[in-house]
Structures are given as C-alpha cells and as structure tokens.
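Okay, so here's the structure we're looking at.
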Amino acid sequence: MKSRSLLGDAWTRLKRDRFAIFAFTVVFAYTFIALSAKLGWIATPWDQSVGAAYAPPSFHSLQTVFGTDIFGRSVFYKVIHGTRIAMSVGLVSALISVPIGIFFGAIAGYFGGRTDDLVVWFYTTLSSIPNIMLLIAITFVLGKGMAAIYFALGITAWVGLARVIRGEFIKHKTRDYVVAATSLGASHFSRIFKHILPNVSHFVIINFSIQFVSAIKSEVILSFLGLGVQGQPSWGVMIDDAKLELSRGVWWQLAGATTAMFAIVLALNLLGDSLRDALDPKIK
Amino acid sequence: MLIYILRRVLATIPTIFGVALLIFVLFNGVGGDPTYQMVGKHATQKQVEEVRHEYGLDQPKVVQFGNYLKQIVTFDYGRSFSTKQEISTMVARGIGPSLTLTVPAFMFTTFLSVALGLLVAYFRGRAVDRIVVFLCVVGMSLPMLGYILFGQYYLAFKAGLFPISGFDYGWPDRFEYILLPMLIMIVVSLGYDVRFYRTAVLEEVSQDYVRTARAKGLSESRIFMKHVLKNSMIPILTNVVIEIPLLILGAFLLESFFGIPGIGGITIDAIHNSDLPVIKAMTTLQALLLILGNLATDILYTLVDPRVSLK
C-alpha cells in the first residue's frame with residue numbers, strides 16, 4: 001500500500017468536502033480582491049463622489065450597486081477597501097501571533113520546570129483579562145490606527161496556540177523518535193524545531209484560521225468603537241455610520257458591510273472545521 | 001477538601017498580581033502620561049498639574065502601583081474623570097440593570113443550547129444533526145452589530161414590536177425594555193453554545209465505557225440517558241459556571257445601543273469620553289471576575305468528579 005503524508009492525506013479529504021471547497025473559493029476571492037485593491041487595480045479612488053448623497057442602490061454602474069454614502073461616495077468601493085483592511089488585519093496579526101504562540105508553547109512544553117511555570121503564569125495572566133477589554137486598553141494607550149490594531153491583536157492572540165503546542169510538546173518529547181534524535185546527538189534547538197515541530201504543525205494551520213476570524217471580528221468592533229482604523233473605509237466604521245443613517249431609511253451601507261463580513265467569517269469558520277476534520281489524526 | 005480549596009484560592013494570587021502588573025504597565029507605563037489622554041492636548045499647565053495630582057500621577061511609579069493594588073483590595077477605584085462620580089458607586093448602580101439583561105438571557109441560552117446540543121448529539125451524523133450544525137455556523141458568523149442595528153431598526157422602530165431603547169427601574173416594567181436585547185443575545189450565543197455542548201457529548205460517546213455498555217447489550221437510548229449524559233455533565237457544568245461571574249458585567253454593545261444603564265454601557269461611555277480611571281477599573285474588574293469563575297469551576301470539578309485527585 002502506498003503511504004501518504006499527513007498533508008497529502010488531508011488534501012485528498014479536503015477536496016471531497018464541499019464546504020471546504022466553498023470556503024477555499026471565498027477566501028481566495030477575498031484575498032484576490034484585497035490584493036487588487038491594495039495594488040490600486042480596482043475600486044480607485046474610493047473617496048470621490050460618484051453621485052448624490054445617500055443614493056439608493058442602482059444597477060446603472062458597478063459603483064452604485066450598493067448605493068452611496070453621505071458624501072456621495074460609492075459604498076461598493078468602500079466595502080472593497082474594507083475587505084482590504086480586514087484581510088490585512090487578519091493576516092498581519094496572525095503572522096505576529098503564530099510565531100509567538102509556537103515559541104512560548106514549545107519552550108514551555110519542551111523544557112518544563114521553571115520555564116513552564118513562567119510561561120504558564122504569563123499566559124494565564126494575559127488570558128485572565130477578557131480579550132476585548134485588553135484590546136481596548138492596548139489600542140487606547142497606543143493611540144489609534146492600523147499599527148496599533150496589528151500590534152494589539154498580534155500580541156494578545158497567541159495564548160490559545162501556545163496552550164495547544166505546549167500540550168503536544170509534553171506528549172511528544174518522550175516519544176521514541178525524539179529519544180532517538182537525542183541519542184544521535186541532536187541539540188535542544190534541533191529537537192524542538194526540526195523533530196517535534198513538524199509533527200504538531202497541523203495545529204498551527206487550524207489555529208491560523210481561528211485567529212484570522214477573531215482578528216477580523218475584533219477589528220470591526222474596535223473600529224466601530226472609534227479605536228481602530230482612521231480615515232479609511234473599514235467595515236466597523238461603515239457600521240458605525242449606519243447607526244445614524246438607518247433612521248433616514250439608508251440601509252445599504254449597513255447591508256454592504258455586514259454581508260461582506262458575514263461571507264468571509266462564514267467561510268473561515270467552515271474552513272476551520274474542515275481543516276480540523278482533515279488534519280486531526282484523532283478523528284479519522 | 002478544605003485544604004485543597006484553600007490552596008486553589010491561594011494559587012490565584014500570582015495570577016491576580018500578574019493581571020495587576022500588566023494593567024498597570026499598560027495604563028501607567030506604555031501609554032506615557034495618561035493625563036494628556038484625559039485632559040486633551042490643549043489644557044493649560046495648571047490643569048495638567050491638578051489632574052496629575054488628583055490621580056496620584058505625580059508620585060513615583062512604585063507608589064502608584066502600590067495605590068493601584070490597594071484599589072483592587074479595597075474595591076475603591078477612585079472617581080470617574082468625566083462624571084466625577086465614585087467608580088464603585090457607578091458599578092454598584094450598574095449591576096442591577098446588567099443582571100436584568102444577562103441573567104434571563106443566559107438562562108434561556110443555556111437551557112436551549114444544552115437541550116439542542118444533546119438532541120443533535122443523539123442524532124449524530126444524521127440529517128437533523130448536519131442541518132443544526134450548519135445553522136449554528138451561519139448563526140455565529142453573522143456579525144452581532146448587524147443583529148443589533150437591524151433588530152433595533154426593523155423590529156423596534158419600524159414594526160413597533162419593542163421599545164427602541166431605554167430602561168425602567170420598576171418591576172416588571174424593566175423586562176419590557178430588555179426583551180429585544182435579550183433576544184439578540186440569545187441568538188448570538190446559541191450557535192457557539194450548541195456546538196460546544198454537542199462536542200462535549202460526542203467526546204463521551206467515543207469512550208470505552210460506551211463500547212462496554214453496548215457490548216453488554218444496553219439499548220442506545222439507555223446508554224445515552226444513563227451513561228453519556230452523566231459524564232458529559234462535567235464539561236457542560238464547567239462552561240456554565242465559568243460564565244456566571246461575567247454576567248455582572250453585562251453586554252456592552254447591547255447595553256450601549258439599547259440605553260440600558262448597566263456596566264457595559266458605562267464602559268462604552270468611558271471609552272467615548274477617554275475616561276481612563278473607569279476603563280482601568282472595568283478592565284481590572286472583568287479580569288478579577290474571570291479568575292473567580294475559573295476558581296469556582298476548579299472547585300466544582302472536585303465536587304462533581306470523583307476522578308479528579310486533590311493533589
């Protein structure tokens with residue numbers, strides 16, 4: 001029988017999972033839209049008037065399919081730039097938090113003892129402060145803007161991953177293959193990163209999708225509270241605008257932002273589930 | 001047993017100290033002088049000095065940290081910067097309205113989601129299960145702000161089914177105002193909770209003792225009722241207990257939108273007013289309550305699960 005790698009096997013399973021295919025498609029589409037907006041290929045300029053203020057959605061042109069806002073700007077373009085912000089917040093914050101989570105989880109689980117006590121104390125402390133309050137506090141003291149959001153989300157979101165990685169390292173460090181590596185003279189560094197880490201890497205992938213979702217959701221709430229993105233069209237800012245617009249019967253800005261957000265969060269949630277099913281050897 | 005509980009209580013001290021240190025560093029260290037956040041950039045030198053003195057910010061950092069620890073122990077967080085009220089009084093006044101919203105919402109959600117979770121776990125793998133799980137994912141993907149705004153505009157404003165916002169301290173009038181926010185809160189948390197309880201039950205279903213019971217010839221429904229249910233009570237109870245202390249804090253987006261004068265609403269107001277002492281106090285309180293919830297579940301564990309050793 002031909003043996004298959006964990007990832008190869010997971011890929012075969014994912015291809016058979018219809019939800020996973022849908023989720024992948026949506027995530028790719030959003031990534032593509034975000035990149036295109038970033039590079040200025042589409043939806044530029046978003047901050048220019050394309051019609052009357054609060055014009056309802058019409059199919060005259062692409063710019064007006066979601067109507068216009070108070071300054072006559074295209075809501076559709078704003079949604080696209082909101083996508084750019086959301087995707088970059090998800091990506092950057094996950095890129096910050098994943099290495100931190102792997103590092104602390106690995107050294108705590110691998111070395112045990114004092115190191116473990118210290119790391120566990122540190123993340124228990126961090127996770128004792130409810131996440132949203134911690135984010136509010138950090139963005140509040142750091143000042144508003146994208147950099148503060150990246151940083152705040154990045155340094156708070158690693159705890160979940162660190163917990164999982166620590167648990168796995170405790171299990172793996174006494175396994176035969178690690179003992180074999182030790183007797184061949186592998187250093188601590190090489191045992192941690194070359195031998196054990198590849199065997200627990202699927203948890204990193206699963207965690208990545210979970211963190212992406214929570215980052216997107218947090219950005220929207222922070223921006224809504226006025227602590228997030230400034231001067232750029234974020235979904236949170238659009239929802240905040242919609243608070244006052246609804247009483248005038250202007251629903252399209254809210255609908256645009258929430259629909260865009262719903263689709264990507266749904267896709268990432270489904271993707272997380274499918275990845276767990278495909279990658280976790282326990283539930284095969 | 002008592003010694004175990006005492007040890008667990010003592011074990012929270014380093015965590016509380018860590019939380020205090022972190023919050024202190026965040027608010028009094030990283031952010032620079034918090035005075036400017038409160039008075040704005042255009043205040044005169046005299047105003048700055050006054051505020052600095054009033055909040056003890058002209059003292060050395062070590063003394064400030066000592067004062068902060070004292071605040072945590074005595075529950076006296078000083079005065080709000082924007083309303084000048086005692087923060088402890090504000091909190092005390094906010095607890096009632098917050099609990100009015102969160103307790104019934106929590107009870108309904110827990111009851112509904114445990115029932116649904118058990119039901120779909122029993123029918124695992126079948127169509128009912130798959131549909132409910134999918135609906136849960138859809139439900140938890142919808143943004144809460146969307147629920148709030150649509151609910152407030154269409155159900156309350158347009159259809160007139162509920163009051164748009166406000167609060168009444170009288171009984172039972174206050175329930176009229178919390179009806180819609182409560183409904184939203186239930187819908188928002190249902191997706192997560194049903195999935196959580198379903199997973200909790202399913203983890204028990206794959207255990208060895210279930211196989212043994214099946215081999216013994218027990219019927220599926222009997223295995224489920226007698227064995228699985230009892231064992232899955234532990235994760236269920238944990239999840240319930242851990243949330244109870246947090247109910248005091250209310251739900252800040254809902255309270256803010258629906259004008260409920262609870263703790264969540266106070267926090268949002270503080271953020272809008274750059275009211276640093278209040279934000280700091282609320283962050284601290286939330287963390288303390290979370291630690292309390294964890295402690296309560298740990299102790300409860302030993303009471304309900306004989307397998308947990310009292311090491």
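As shown in the structure tokens, the chain order sets the letters A, B, ...; within each chain, residues go from 1, and ligands are also counted from 1 in the order they appear.
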
Quiz item: When the cut-off is 9 Å and we count only C-alpha atoms, which residues of chain A are near chain B, given as a PyMOL selection string?
Solution: chain A and resi 121-122+124-130+133-134+136-138+140-143+217+221+225-227+236+239+242-243+246-247+251+254-255+257-259+261-267+269-270

Practice problem: Using only C-alpha atoms, determine which residues lie at most 10 Å from B:Leu112, disregarding the query and same-chain residues fewer than 6 positions distant; provide the list as JSON, numbers by chain. | Solution: {"B": [106, 186, 190, 193, 194]}

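Pairwise distance (atom CA of B:Leu180, atom CA of B:Ser256) equals 13.4 Å.
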
Practice problem: Pull the helix (DSSP H, G or I) assignments for stretch 82-254 of chain B out of DSSP run on the backbone, and list those residues as a ChimeraX atom specification. | Solution: /B:87-122,127-141,144-158,174-205,208-215,220-243,245-249,252-254

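Using only C-alpha atoms, the nearest neighbour of A:Trp158 within the list A:Gly101, A:Gly112, A:Gly145, A:Gly185 is A:Gly101.
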
Quiz item: Could you pull the residues within 10 Å of A:His195, counting only C-alpha atoms, minus those fewer than 6 positions along the same chain, as a list in words?
Solution: His172, Lys173, Tyr177, Val178, Ala181, Ala186, His188 and Phe189 of chain A

Exercise. Could you find all residues in stretch 30-90 of chain A that DSSP calls strand (DSSP E or B) from the backbone, and write them as a list in words?
Key: Ser49, Thr68, Arg73 and Ser74 of chain A

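Using only C-alpha atoms, the shortest contact distance between A:Ile192 and any of A:Gly256, A:Gly249, A:Gly109, A:Pro233 is found at A:Gly109.
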
Quiz item: atom CA of A:Gly160 to atom CA of A:Ala94: how many Å, to one decimal?
Solution: 12.1 Å

Exercise. Using only C-alpha atoms, determine which residues lie at most 7 Å from stretch 200-205 of chain B, disregarding the query and same-chain residues fewer than 6 positions distant; provide the list as a ChimeraX atom specification.
Key: /B:118,121,228,231-232,235
